[in-house]
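Have a look at query-v2.cif below; it lists mmCIF, C-alpha atoms and all ligand atoms.
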```
data_data
#
loop_
_atom_site.label_atom_id
_atom_site.label_comp_id
_atom_site.auth_asym_id
_atom_site.auth_seq_id
_atom_site.Cartn_x
_atom_site.Cartn_y
_atom_site.Cartn_z
CA MET A 1 110.18 106.92 125.40
CA ASN A 2 113.48 108.65 124.64
CA VAL A 3 116.59 106.55 125.15
CA LEU A 4 118.83 109.50 124.31
CA THR A 5 118.15 113.22 124.68
CA VAL A 6 120.63 115.95 123.81
CA ASN A 7 119.73 119.52 124.63
CA ASP A 8 121.43 122.69 123.40
CA LEU A 9 124.88 121.14 123.25
CA HIS A 10 127.84 123.44 122.62
CA LEU A 11 131.36 122.17 122.14
CA ASP A 12 134.59 123.99 121.31
CA TYR A 13 137.93 122.51 120.40
CA GLY A 14 140.72 124.54 121.98
CA SER A 15 140.06 127.21 124.55
CA GLY A 16 140.38 130.93 125.21
CA ALA A 17 141.33 133.01 122.17
CA SER A 18 141.93 129.90 120.05
CA ALA A 19 138.55 128.30 120.87
CA ASN A 20 137.00 126.84 117.77
CA PRO A 21 133.24 126.28 118.09
CA ILE A 22 132.25 122.93 116.56
CA LEU A 23 128.80 122.17 118.00
CA LYS A 24 126.65 125.28 118.20
CA GLY A 25 123.53 124.35 120.12
CA VAL A 26 122.57 120.86 118.98
CA SER A 27 119.32 119.37 120.31
CA MET A 28 118.14 115.89 119.33
CA HIS A 29 116.50 112.78 120.70
CA LEU A 30 116.39 109.09 119.93
CA GLN A 31 113.33 107.00 120.76
CA ARG A 32 113.38 103.37 121.80
CA GLY A 33 113.65 101.13 118.75
CA GLU A 34 114.43 104.00 116.43
CA VAL A 35 117.27 104.24 113.92
CA VAL A 36 118.36 107.84 113.43
CA ALA A 37 120.91 108.82 110.82
CA LEU A 38 123.19 111.75 111.52
CA LEU A 39 123.95 113.16 108.10
CA GLY A 40 126.07 116.08 107.02
CA PRO A 41 129.08 117.20 105.00
CA SER A 42 132.63 116.48 106.06
CA GLY A 43 133.62 118.61 109.03
CA SER A 44 130.03 119.46 110.06
CA GLY A 45 130.53 117.90 113.51
CA LYS A 46 128.99 114.42 113.20
CA THR A 47 131.84 112.50 114.81
CA THR A 48 132.21 115.21 117.45
CA LEU A 49 128.55 114.89 118.45
CA LEU A 50 128.82 111.11 118.67
CA ARG A 51 131.99 111.35 120.77
CA ALA A 52 130.35 113.87 123.08
CA VAL A 53 127.37 111.54 123.60
CA ALA A 54 129.76 108.65 124.25
CA GLY A 55 131.68 110.65 126.86
CA LEU A 56 134.89 110.94 124.84
CA GLU A 57 134.72 114.73 124.40
CA SER A 58 133.81 117.41 126.95
CA PRO A 59 131.13 119.82 125.74
CA LYS A 60 131.09 123.39 127.01
CA SER A 61 127.40 123.49 127.85
CA GLY A 62 124.11 121.70 127.42
CA THR A 63 122.75 118.40 128.72
CA ILE A 64 122.86 114.76 127.65
CA ASP A 65 120.45 112.16 129.08
CA ILE A 66 120.63 108.43 128.42
CA GLY A 67 117.21 107.02 129.22
CA GLU A 68 116.12 108.76 132.42
CA ARG A 69 119.68 109.29 133.58
CA ARG A 70 121.53 112.57 133.12
CA VAL A 71 125.10 111.83 132.04
CA PHE A 72 126.24 115.34 131.20
CA ASN A 73 125.30 118.75 132.51
CA GLY A 74 127.48 121.74 131.77
CA GLY A 75 127.43 125.49 131.75
CA GLY A 76 123.84 126.07 132.84
CA ALA A 77 121.63 125.50 135.86
CA GLY A 78 122.12 122.58 138.21
CA ARG A 79 125.14 120.65 139.38
CA PRO A 80 127.88 120.19 136.72
CA LEU A 81 128.05 116.53 135.80
CA GLU A 82 130.12 114.43 133.42
CA LEU A 83 129.90 110.65 133.64
CA PRO A 84 132.87 108.79 132.15
CA ALA A 85 132.36 106.80 128.96
CA GLU A 86 132.39 103.40 130.70
CA GLU A 87 129.42 104.38 132.87
CA ARG A 88 127.24 105.37 129.90
CA ASN A 89 126.65 101.78 128.70
CA LEU A 90 126.59 102.55 124.99
CA GLY A 91 127.68 100.30 122.14
CA LEU A 92 130.23 102.07 120.01
CA VAL A 93 131.47 101.51 116.49
CA PHE A 94 133.91 104.15 115.36
CA GLN A 95 135.03 105.49 112.01
CA SER A 96 138.51 104.10 112.63
CA TYR A 97 137.56 100.82 114.27
CA ALA A 98 140.13 99.77 116.85
CA LEU A 99 140.30 96.01 117.27
CA TRP A 100 142.73 94.44 119.71
CA PRO A 101 145.48 93.18 117.41
CA HIS A 102 146.60 90.32 119.65
CA LYS A 103 143.13 88.88 120.28
CA THR A 104 141.31 86.60 117.86
CA VAL A 105 138.04 87.69 116.30
CA PHE A 106 136.20 85.54 118.84
CA ASP A 107 138.06 87.10 121.77
CA ASN A 108 137.63 90.62 120.42
CA VAL A 109 133.87 90.11 120.41
CA ALA A 110 133.79 88.12 123.67
CA TYR A 111 135.75 90.72 125.63
CA GLY A 112 132.77 92.88 126.60
CA LEU A 113 130.86 89.85 127.84
CA LYS A 114 133.83 88.62 129.89
CA LEU A 115 134.02 92.03 131.56
CA ARG A 116 130.36 91.61 132.41
CA LYS A 117 131.18 88.23 133.94
CA MET A 118 128.86 86.21 131.74
CA ALA A 119 129.26 82.40 132.00
CA ALA A 120 131.73 80.92 129.48
CA ARG A 121 129.09 78.71 127.82
CA ASP A 122 126.73 81.64 127.34
CA ILE A 123 129.56 83.78 125.98
CA GLU A 124 130.46 81.15 123.42
CA GLN A 125 126.87 80.83 122.27
CA LYS A 126 126.27 84.57 122.09
CA VAL A 127 129.53 85.35 120.28
CA LYS A 128 128.97 82.57 117.75
CA GLU A 129 125.45 83.83 117.13
CA VAL A 130 126.57 87.41 116.51
CA LEU A 131 129.52 86.35 114.34
CA SER A 132 127.30 84.22 112.15
CA GLN A 133 124.71 87.02 111.93
CA LEU A 134 127.46 89.21 110.56
CA GLY A 135 128.78 86.59 108.14
CA LEU A 136 131.93 86.07 110.22
CA GLY A 137 131.12 82.62 111.57
CA HIS A 138 134.11 80.96 109.93
CA LEU A 139 136.61 83.62 111.02
CA GLY A 140 136.47 83.32 114.81
CA GLU A 141 140.02 82.03 115.18
CA ARG A 142 141.66 84.62 112.92
CA PHE A 143 143.50 87.69 114.13
CA PRO A 144 142.54 91.18 112.88
CA HIS A 145 145.57 91.48 110.58
CA GLN A 146 144.35 88.33 108.79
CA LEU A 147 141.07 90.01 107.83
CA SER A 148 140.06 92.39 105.06
CA GLY A 149 139.11 95.93 106.04
CA GLY A 150 135.42 95.13 105.58
CA GLN A 151 135.68 92.06 107.76
CA GLN A 152 137.43 94.07 110.47
CA GLN A 153 134.63 96.61 110.34
CA ARG A 154 132.07 93.86 110.83
CA VAL A 155 133.98 92.55 113.83
CA ALA A 156 133.76 96.07 115.27
CA ILE A 157 129.98 96.01 114.71
CA ALA A 158 129.73 92.55 116.28
CA ARG A 159 131.66 93.80 119.29
CA ALA A 160 129.21 96.66 119.82
CA LEU A 161 126.12 94.50 119.33
CA VAL A 162 127.11 91.46 121.34
CA TYR A 163 125.86 92.61 124.70
CA ASN A 164 122.67 94.25 123.44
CA PRO A 165 123.31 97.78 124.69
CA PRO A 166 120.13 99.87 124.72
CA VAL A 167 121.73 102.46 122.44
CA ILE A 168 124.40 101.95 119.82
CA LEU A 169 126.38 104.75 118.24
CA LEU A 170 127.85 104.00 114.84
CA ASP A 171 130.26 106.30 113.04
CA GLU A 172 130.28 105.47 109.31
CA PRO A 173 130.17 101.74 110.08
CA LEU A 174 129.93 100.73 106.44
CA SER A 175 132.47 103.11 104.95
CA ASN A 176 135.15 100.43 104.49
CA LEU A 177 132.93 98.03 102.60
CA ASP A 178 132.91 97.93 98.83
CA ALA A 179 129.78 99.20 97.07
CA LYS A 180 127.98 95.87 96.70
CA LEU A 181 128.77 94.62 100.19
CA ARG A 182 127.78 97.99 101.55
CA GLU A 183 124.26 97.76 100.14
CA GLU A 184 123.85 94.27 101.55
CA ALA A 185 125.34 95.32 104.87
CA ARG A 186 122.99 98.25 105.36
CA ALA A 187 119.90 96.10 104.81
CA PHE A 188 121.39 93.55 107.13
CA LEU A 189 122.33 96.13 109.76
CA ARG A 190 118.91 97.72 109.76
CA GLU A 191 117.20 94.34 110.01
CA LEU A 192 119.53 93.37 112.85
CA ILE A 193 118.94 96.59 114.80
CA VAL A 194 115.17 96.29 114.41
CA ARG A 195 115.11 92.59 115.28
CA LEU A 196 117.18 93.09 118.43
CA GLY A 197 115.02 96.06 119.44
CA LEU A 198 118.05 98.34 119.63
CA SER A 199 118.09 102.07 119.21
CA ALA A 200 120.81 103.42 116.98
CA LEU A 201 122.37 106.73 116.11
CA MET A 202 124.39 106.25 112.95
CA VAL A 203 126.66 108.76 111.30
CA THR A 204 126.99 108.82 107.56
CA HIS A 205 127.75 111.39 104.90
CA ASP A 206 125.95 109.34 102.26
CA GLN A 207 122.37 110.53 101.84
CA ALA A 208 121.21 107.35 100.11
CA GLU A 209 122.55 105.27 102.98
CA ALA A 210 120.91 107.58 105.53
CA MET A 211 117.54 107.28 103.81
CA ALA A 212 117.76 103.53 103.42
CA ILE A 213 118.75 102.72 106.97
CA SER A 214 116.94 105.22 109.17
CA ASP A 215 113.51 106.08 110.51
CA ARG A 216 114.57 109.68 110.88
CA ILE A 217 117.41 111.85 109.58
CA LEU A 218 119.17 114.68 111.37
CA LEU A 219 121.02 116.86 108.92
CA LEU A 220 123.95 118.68 110.47
CA ASN A 221 125.31 121.83 108.85
CA ASN A 222 128.33 123.51 110.38
CA GLY A 223 127.57 122.46 113.96
CA LYS A 224 123.81 123.04 113.85
CA ILE A 225 120.85 120.86 112.93
CA GLU A 226 119.71 122.23 109.59
CA GLN A 227 116.56 120.08 109.36
CA GLN A 228 115.28 116.78 110.71
CA GLY A 229 112.50 114.45 109.72
CA THR A 230 111.63 111.17 108.08
CA PRO A 231 113.66 110.28 104.98
CA GLN A 232 110.55 110.99 102.88
CA SER A 233 109.96 114.44 104.33
CA MET A 234 113.63 115.39 104.04
CA TYR A 235 113.71 114.28 100.42
CA GLU A 236 110.31 115.50 99.26
CA ALA A 237 109.79 118.58 101.40
CA PRO A 238 113.12 120.25 102.24
CA ASP A 239 112.82 123.58 104.06
CA THR A 240 116.12 125.02 102.90
CA LEU A 241 118.33 125.07 99.84
CA PHE A 242 121.06 123.31 101.86
CA THR A 243 118.74 120.39 102.69
CA ALA A 244 117.40 120.21 99.15
CA GLU A 245 120.89 120.15 97.70
CA PHE A 246 122.20 117.62 100.19
CA MET A 247 119.34 115.16 99.68
CA GLY A 248 119.27 113.80 96.17
CA SER A 249 120.66 114.58 92.78
CA ASN A 250 119.64 118.00 91.57
CA ASN A 251 119.56 120.53 88.78
CA ARG A 252 120.37 124.01 89.96
CA ILE A 253 119.04 126.57 87.51
CA PRO A 254 119.86 130.29 87.77
CA ALA A 255 116.52 132.13 87.83
CA GLN A 256 114.81 135.37 88.69
CA VAL A 257 111.64 135.46 90.76
CA VAL A 258 109.39 137.92 88.94
CA GLN A 259 106.18 137.31 90.87
CA ARG A 260 105.16 135.67 94.13
CA ASP A 261 101.75 134.76 95.50
CA GLY A 262 102.03 132.60 98.62
CA ALA A 263 103.86 129.45 97.60
CA ALA A 264 103.30 130.05 93.90
CA ALA A 265 106.28 131.70 92.26
CA ARG A 266 106.77 132.87 88.69
CA LEU A 267 110.32 132.56 87.41
CA GLN A 268 112.28 133.95 84.54
CA VAL A 269 114.84 131.42 83.27
CA GLY A 270 116.88 132.56 80.32
CA GLY A 271 114.18 134.04 78.11
CA MET A 272 111.42 131.74 79.37
CA ALA A 273 108.81 131.95 82.11
CA LEU A 274 108.26 129.03 84.50
CA ASN A 275 105.90 128.37 87.39
CA ALA A 276 107.58 127.13 90.55
CA THR A 277 106.98 126.51 94.25
CA ALA A 278 108.49 128.69 96.97
CA ARG A 279 109.64 126.62 99.93
CA GLY A 280 110.71 127.77 103.38
CA ALA A 281 111.26 131.52 103.51
CA GLY A 282 111.08 131.40 99.74
CA GLY A 283 112.43 133.56 97.06
CA SER A 284 114.98 136.26 96.84
CA LYS A 285 114.76 137.90 93.42
CA GLU A 286 117.99 136.51 91.98
CA THR A 287 117.99 132.90 92.98
CA ALA A 288 118.64 129.33 92.04
CA ALA A 289 115.71 127.10 91.25
CA LEU A 290 116.16 123.46 92.14
CA ILE A 291 114.62 120.36 90.62
CA ARG A 292 115.52 116.71 91.23
CA VAL A 293 117.05 115.07 88.18
CA GLU A 294 114.34 112.38 88.19
CA GLU A 295 111.52 114.96 88.08
CA VAL A 296 112.51 116.46 84.72
CA ARG A 297 110.49 114.96 81.85
CA ILE A 298 112.02 114.79 78.39
CA GLY A 299 109.84 115.34 75.32
CA ARG A 300 109.87 116.57 71.72
CA ALA A 301 106.61 118.50 71.82
CA PRO A 302 106.35 121.96 73.44
CA VAL A 303 105.12 121.94 77.06
CA ASP A 304 103.62 124.63 79.29
CA ASN A 305 106.11 124.53 82.12
CA GLY A 306 109.43 123.73 80.58
CA ILE A 307 112.43 124.93 78.67
CA GLN A 308 113.86 123.91 75.34
CA LEU A 309 117.51 122.81 75.17
CA PRO A 310 119.70 120.75 72.85
CA LEU A 311 121.00 117.37 73.98
CA SER A 312 124.69 117.48 74.82
CA THR A 313 125.44 113.91 75.89
CA CYS A 314 123.93 110.75 77.41
CA MET A 315 125.59 108.45 79.94
CA TYR A 316 124.57 104.82 80.39
CA LEU A 317 123.79 103.95 84.03
CA GLY A 318 122.62 100.37 83.53
CA ASP A 319 118.96 100.77 84.45
CA ARG A 320 118.58 104.09 82.57
CA TRP A 321 120.40 106.88 80.75
CA GLU A 322 121.39 110.17 82.29
CA CYS A 323 121.17 112.88 79.66
CA LEU A 324 122.70 116.33 79.77
CA PHE A 325 120.99 119.19 77.93
CA LYS A 326 123.03 122.30 77.50
CA SER A 327 123.12 125.68 75.88
CA GLY A 328 125.32 128.52 77.12
CA GLU A 329 124.69 128.92 80.87
CA ALA A 330 121.67 126.64 80.94
CA ASN A 331 122.46 123.13 81.97
CA VAL A 332 119.87 120.46 82.83
CA ARG A 333 120.20 116.75 83.57
CA ALA A 334 117.34 114.27 83.17
CA TYR A 335 116.88 110.49 83.08
CA SER A 336 115.63 108.57 80.10
CA ARG A 337 114.66 104.90 79.81
CA HIS A 338 116.30 104.74 76.40
CA ARG A 339 119.14 106.36 74.58
CA ILE A 340 117.91 109.46 72.74
CA ASP A 341 118.99 111.04 69.46
CA PRO A 342 120.78 114.39 69.19
CA GLY A 343 118.60 117.47 68.75
CA ASN A 344 116.39 119.89 70.64
CA TYR A 345 114.17 118.68 73.46
CA TRP A 346 111.51 120.15 75.72
CA LEU A 347 112.30 119.60 79.37
CA GLU A 348 109.15 119.71 81.43
CA MET A 349 109.50 120.82 85.04
CA PRO A 350 106.28 120.37 87.05
CA ALA A 351 105.70 123.54 89.10
CA GLU A 352 105.32 121.61 92.36
CA LYS A 353 108.71 119.98 91.81
CA LEU A 354 110.58 123.12 90.80
CA TRP A 355 111.61 124.87 94.01
CA VAL A 356 112.95 128.23 95.03
CA PHE A 357 114.11 128.97 98.58
N1 LIG A 401 140.56 116.82 118.26
C1 LIG A 401 140.28 117.89 117.52
N2 LIG A 401 140.89 119.07 117.73
C2 LIG A 401 140.58 120.17 117.02
N3 LIG A 401 139.67 120.19 116.02
C3 LIG A 401 139.03 119.04 115.75
C4 LIG A 401 139.30 117.83 116.48
N4 LIG A 401 138.49 116.86 115.99
C5 LIG A 401 137.78 117.42 114.99
N5 LIG A 401 138.09 118.72 114.84
C6 LIG A 401 137.46 119.68 113.90
O1 LIG A 401 136.07 119.73 114.20
C7 LIG A 401 135.30 119.82 113.01
C8 LIG A 401 134.26 118.72 113.00
O2 LIG A 401 134.93 117.47 112.91
P1 LIG A 401 134.15 116.09 112.88
O3 LIG A 401 135.18 115.03 112.95
O4 LIG A 401 133.10 116.09 113.95
O5 LIG A 401 133.47 116.15 111.45
P2 LIG A 401 132.58 115.04 110.70
O6 LIG A 401 131.26 115.67 110.45
O7 LIG A 401 132.61 113.76 111.45
O8 LIG A 401 133.36 114.90 109.30
P3 LIG A 401 133.70 113.57 108.40
O9 LIG A 401 132.46 113.33 107.57
O10 LIG A 401 134.83 114.05 107.56
O11 LIG A 401 134.05 112.44 109.31
C9 LIG A 401 136.29 119.77 111.86
O12 LIG A 401 136.51 121.09 111.43
C10 LIG A 401 137.54 119.18 112.47
O13 LIG A 401 138.69 119.67 111.83
MG MG A 402 133.46 111.91 111.09
#
```

Could you quickly redo this structure as structure tokens?
Ligand SMILES: Nc1ncnc2c1ncn2[C@@H]1O[C@H](COP(=O)(O)OP(=O)(O)OP(=O)(O)O)[C@@H](O)[C@H]1O
Ligand SMILES: [Mg+2]
Amino acid sequence: MNVLTVNDLHLDYGSGASANPILKGVSMHLQRGEVVALLGPSGSGKTTLLRAVAGLESPKSGTIDIGERRVFNGGGAGRPLELPAEERNLGLVFQSYALWPHKTVFDNVAYGLKLRKMAARDIEQKVKEVLSQLGLGHLGERFPHQLSGGQQQRVAIARALVYNPPVILLDEPLSNLDAKLREEARAFLRELIVRLGLSALMVTHDQAEAMAISDRILLLNNGKIEQQGTPQSMYEAPDTLFTAEFMGSNNRIPAQVVQRDGAAARLQVGGMALNATARGAGGSKETAALIRVEEVRIGRAPVDNGIQLPLSTCMYLGDRWECLFKSGEANVRAYSRHRIDPGNYWLEMPAEKLWVF
């Protein structure tokens, strides 16, 4: 069952001659118990979509349903409708979290429950439970200005989770945490959402975070959904160059398509011929071939589907080395378990992993 359904949503900032279209026909849904990541570059409309769902922005047209209930209807058939934010019963965590500065952590989190007239004893138990789940158990009596940015962000998450809303909307909830805490927090957040049976729509511009935390990814590009699917399908089977480039770390190799037979493409790269796979519409003549950095295999011996380049430099990443091979225009990165010596190498690019669009 869908807990959230958005259909053909259009939203402009400004009006008349100065209208600036931001959402250009977005359709999406969120199923009960599902975590969906809304991913996309800066300015693509992620926050705007979340705010429209929450009732904080007025779309121009389209519909928004929360569960069975229509909360927005604009521009098309039927009675125009726009329920205010407080009647949509969503848990919200925003990019710039806004805690009440004069309330303690405990009272910030308890506030929503007090509004719902929960008994004081139950409130205390529930707030303490959520605070300890978020690693804030010892901070209940502090005020927001006495917390680190990361701790404040977790209070904002606690505040959204405390009354178990059926849908929570999170806008970059982990962006203020440092790298290590962030990795822990995303595992924790996903586990928490799943355990509480919540459904979540979470904005991020970090593809690794989106893949780690979600069941499904919606990739937004300039106000439209570019592609959606499971993290695996988005990573392993992108339909467009935009999706392929956004998901993962890539080599982009200037190439010419000299022959095409269904999905099998023959490329000319520098002076060498390579077999590749055409994805999506597949293959203008002058194009860029794409291969994930981790799919390039480094060797000394000649290979069938590969190019030969000299090593330029290697960078130590802790668990492996990232090596750059370079000659003139050609420029390929690959991972190696060990540091490698200077010289010429064969870089094998399996045809099914070398893509043209
Ligand atoms: N209140 C506003 N008035 C006018 N334009 C706005 C307003 N809010 C956002 N915009 C514009 O709408 C576009 C989408 O903004 P939005 O905040 O949704 O992007 P985003 O995908 O969340 O980006 P980021 O990853 O940087 O947070 C941007 O071009 C932005 O400048
Ligand atoms: Mg944003």

List every residue of chain A that has an atom at most 9 Å from any atom of ligand MG 402 (chain A), and for each one report the closest atom pair and its distance in Å to one decimal, counting all atoms listed in the file, with rows sorted by chain and then by increasing residue number, as CSV.
```
residue,atom,partner,partner_atom,distance
A:Ser42,CA,A:MG402,MG,6.8
A:Gly43,CA,A:MG402,MG,7.0
A:Ser44,CA,A:MG402,MG,8.4
A:Gly45,CA,A:MG402,MG,7.1
A:Lys46,CA,A:MG402,MG,5.5
A:Thr47,CA,A:MG402,MG,4.1
A:Thr48,CA,A:MG402,MG,7.3
A:Leu50,CA,A:MG402,MG,8.9
A:Phe94,CA,A:MG402,MG,8.9
A:Gln95,CA,A:MG402,MG,6.7
A:Asp171,CA,A:MG402,MG,6.7
A:Glu172,CA,A:MG402,MG,7.4
A:Val203,CA,A:MG402,MG,7.5
A:Thr204,CA,A:MG402,MG,8.0
A:His205,CA,A:MG402,MG,8.4
```

Counting all atoms listed in the file, what residues are within 12 Å of ligand LIG 401 (chain A), given as a compact mmCIF listing (two decimals) with C-alpha atoms, keeping the file's coordinate frame?
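In the end it all went to part_23.txt:
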```txt
# COMPACT_ATOMS: atom_id res chain seq x y z
CA LEU A 11 131.36 122.17 122.14
CA ASP A 12 134.59 123.99 121.31
CA TYR A 13 137.93 122.51 120.40
CA GLY A 14 140.72 124.54 121.98
CA SER A 15 140.06 127.21 124.55
CA SER A 18 141.93 129.90 120.05
CA ALA A 19 138.55 128.30 120.87
CA ASN A 20 137.00 126.84 117.77
CA PRO A 21 133.24 126.28 118.09
CA ILE A 22 132.25 122.93 116.56
CA LEU A 23 128.80 122.17 118.00
CA LYS A 24 126.65 125.28 118.20
CA LEU A 38 123.19 111.75 111.52
CA LEU A 39 123.95 113.16 108.10
CA GLY A 40 126.07 116.08 107.02
CA PRO A 41 129.08 117.20 105.00
CA SER A 42 132.63 116.48 106.06
CA GLY A 43 133.62 118.61 109.03
CA SER A 44 130.03 119.46 110.06
CA GLY A 45 130.53 117.90 113.51
CA LYS A 46 128.99 114.42 113.20
CA THR A 47 131.84 112.50 114.81
CA THR A 48 132.21 115.21 117.45
CA LEU A 49 128.55 114.89 118.45
CA LEU A 50 128.82 111.11 118.67
CA ARG A 51 131.99 111.35 120.77
CA ALA A 52 130.35 113.87 123.08
CA LEU A 56 134.89 110.94 124.84
CA GLU A 57 134.72 114.73 124.40
CA SER A 58 133.81 117.41 126.95
CA PHE A 94 133.91 104.15 115.36
CA GLN A 95 135.03 105.49 112.01
CA SER A 96 138.51 104.10 112.63
CA LEU A 170 127.85 104.00 114.84
CA ASP A 171 130.26 106.30 113.04
CA GLU A 172 130.28 105.47 109.31
CA PRO A 173 130.17 101.74 110.08
CA SER A 175 132.47 103.11 104.95
CA MET A 202 124.39 106.25 112.95
CA VAL A 203 126.66 108.76 111.30
CA THR A 204 126.99 108.82 107.56
CA HIS A 205 127.75 111.39 104.90
CA ASP A 206 125.95 109.34 102.26
CA GLN A 207 122.37 110.53 101.84
CA LEU A 219 121.02 116.86 108.92
CA LEU A 220 123.95 118.68 110.47
CA ASN A 221 125.31 121.83 108.85
CA ASN A 222 128.33 123.51 110.38
CA GLY A 223 127.57 122.46 113.96
CA LYS A 224 123.81 123.04 113.85
CA ILE A 225 120.85 120.86 112.93
```

Which value, in Å to one decimal, gives the distance between CA of Pro166 (chain A) and CA of Glu82 (chain A)?
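The value is 19.7 Å.
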
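The spacing separating CA of Ala301 (chain A) from CA of Leu267 (chain A) amounts to 21.3 Å.
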
For Gly25 (chain A), which residue out of A:Gly140, A:Arg116, A:Glu226, A:Ala156 is the nearest one, using all atoms listed in the file?
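Ranking A:Gly140, A:Arg116, A:Glu226, A:Ala156 by distance to Gly25 (chain A), first place goes to A:Glu226.
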
I'd like the neighbourhood of Tyr335 (chain A) as a PDB file with C-alpha atoms, in the coordinates of the input, where a residue qualifies if any of its atoms comes within 7 Å (using only C-alpha atoms), though same-chain residues fewer than 5 positions away should be ignored.
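Okay, this is what ended up in around14.pdb:
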```pdb
ATOM      1  CA  VAL A 293     117.050 115.070  88.180  1.00  0.00           C
ATOM      2  CA  GLU A 294     114.340 112.380  88.190  1.00  0.00           C
ATOM      3  CA  ARG A 320     118.580 104.090  82.570  1.00  0.00           C
ATOM      4  CA  TRP A 321     120.400 106.880  80.750  1.00  0.00           C
ATOM      5  CA  GLU A 322     121.390 110.170  82.290  1.00  0.00           C
ATOM      6  CA  CYS A 323     121.170 112.880  79.660  1.00  0.00           C
TER       7      CYS A 323
END
```

What gap, in Å, lies between CA of His138 (chain A) and CA of Val155 (chain A)?
12.2 Å

Excluding same-chain residues fewer than 5 positions from Glu68 (chain A), what lies within 9 Å of it counting only C-alpha atoms, as a PyMOL selection string?
chain A and resi 2-4

Pick out the residues sitting within 12 Å of Ser199 (chain A), and hand them over as a JSON list (two decimals) with C-alpha atoms, keeping the file's coordinate frame; count only C-alpha atoms, and ignore anything fewer than 4 positions along from it in its own chain.
```
[["chain", "number", "residue", "atom", "x", "y", "z"],
["A", 1, "MET", "CA", 110.18, 106.92, 125.40],
["A", 2, "ASN", "CA", 113.48, 108.65, 124.64],
["A", 3, "VAL", "CA", 116.59, 106.55, 125.15],
["A", 4, "LEU", "CA", 118.83, 109.50, 124.31],
["A", 29, "HIS", "CA", 116.50, 112.78, 120.70],
["A", 30, "LEU", "CA", 116.39, 109.09, 119.93],
["A", 31, "GLN", "CA", 113.33, 107.00, 120.76],
["A", 32, "ARG", "CA", 113.38, 103.37, 121.80],
["A", 33, "GLY", "CA", 113.65, 101.13, 118.75],
["A", 34, "GLU", "CA", 114.43, 104.00, 116.43],
["A", 35, "VAL", "CA", 117.27, 104.24, 113.92],
["A", 36, "VAL", "CA", 118.36, 107.84, 113.43],
["A", 37, "ALA", "CA", 120.91, 108.82, 110.82],
["A", 66, "ILE", "CA", 120.63, 108.43, 128.42],
["A", 67, "GLY", "CA", 117.21, 107.02, 129.22],
["A", 90, "LEU", "CA", 126.59, 102.55, 124.99],
["A", 91, "GLY", "CA", 127.68, 100.30, 122.14],
["A", 161, "LEU", "CA", 126.12, 94.50, 119.33],
["A", 164, "ASN", "CA", 122.67, 94.25, 123.44],
["A", 165, "PRO", "CA", 123.31, 97.78, 124.69],
["A", 166, "PRO", "CA", 120.13, 99.87, 124.72],
["A", 167, "VAL", "CA", 121.73, 102.46, 122.44],
["A", 168, "ILE", "CA", 124.40, 101.95, 119.82],
["A", 169, "LEU", "CA", 126.38, 104.75, 118.24],
["A", 170, "LEU", "CA", 127.85, 104.00, 114.84],
["A", 189, "LEU", "CA", 122.33, 96.13, 109.76],
["A", 190, "ARG", "CA", 118.91, 97.72, 109.76],
["A", 192, "LEU", "CA", 119.53, 93.37, 112.85],
["A", 193, "ILE", "CA", 118.94, 96.59, 114.80],
["A", 194, "VAL", "CA", 115.17, 96.29, 114.41],
["A", 195, "ARG", "CA", 115.11, 92.59, 115.28],
["A", 214, "SER", "CA", 116.94, 105.22, 109.17],
["A", 215, "ASP", "CA", 113.51, 106.08, 110.51],
["A", 216, "ARG", "CA", 114.57, 109.68, 110.88]]
```

Skipping near chain neighbours, those fewer than 4 positions away, what residues fall within 7 Å of Gly75 (chain A) using all atoms listed in the file, listed as a PyMOL selection string?
chain A and resi 60-62

If you count all atoms listed in the file, which residues fall within 8 Å of region 250-257 of chain A, apart from same-chain ones fewer than 6 positions away, as a VMD selection string?
chain A and resid 265 to 270 283 to 293 330 to 333
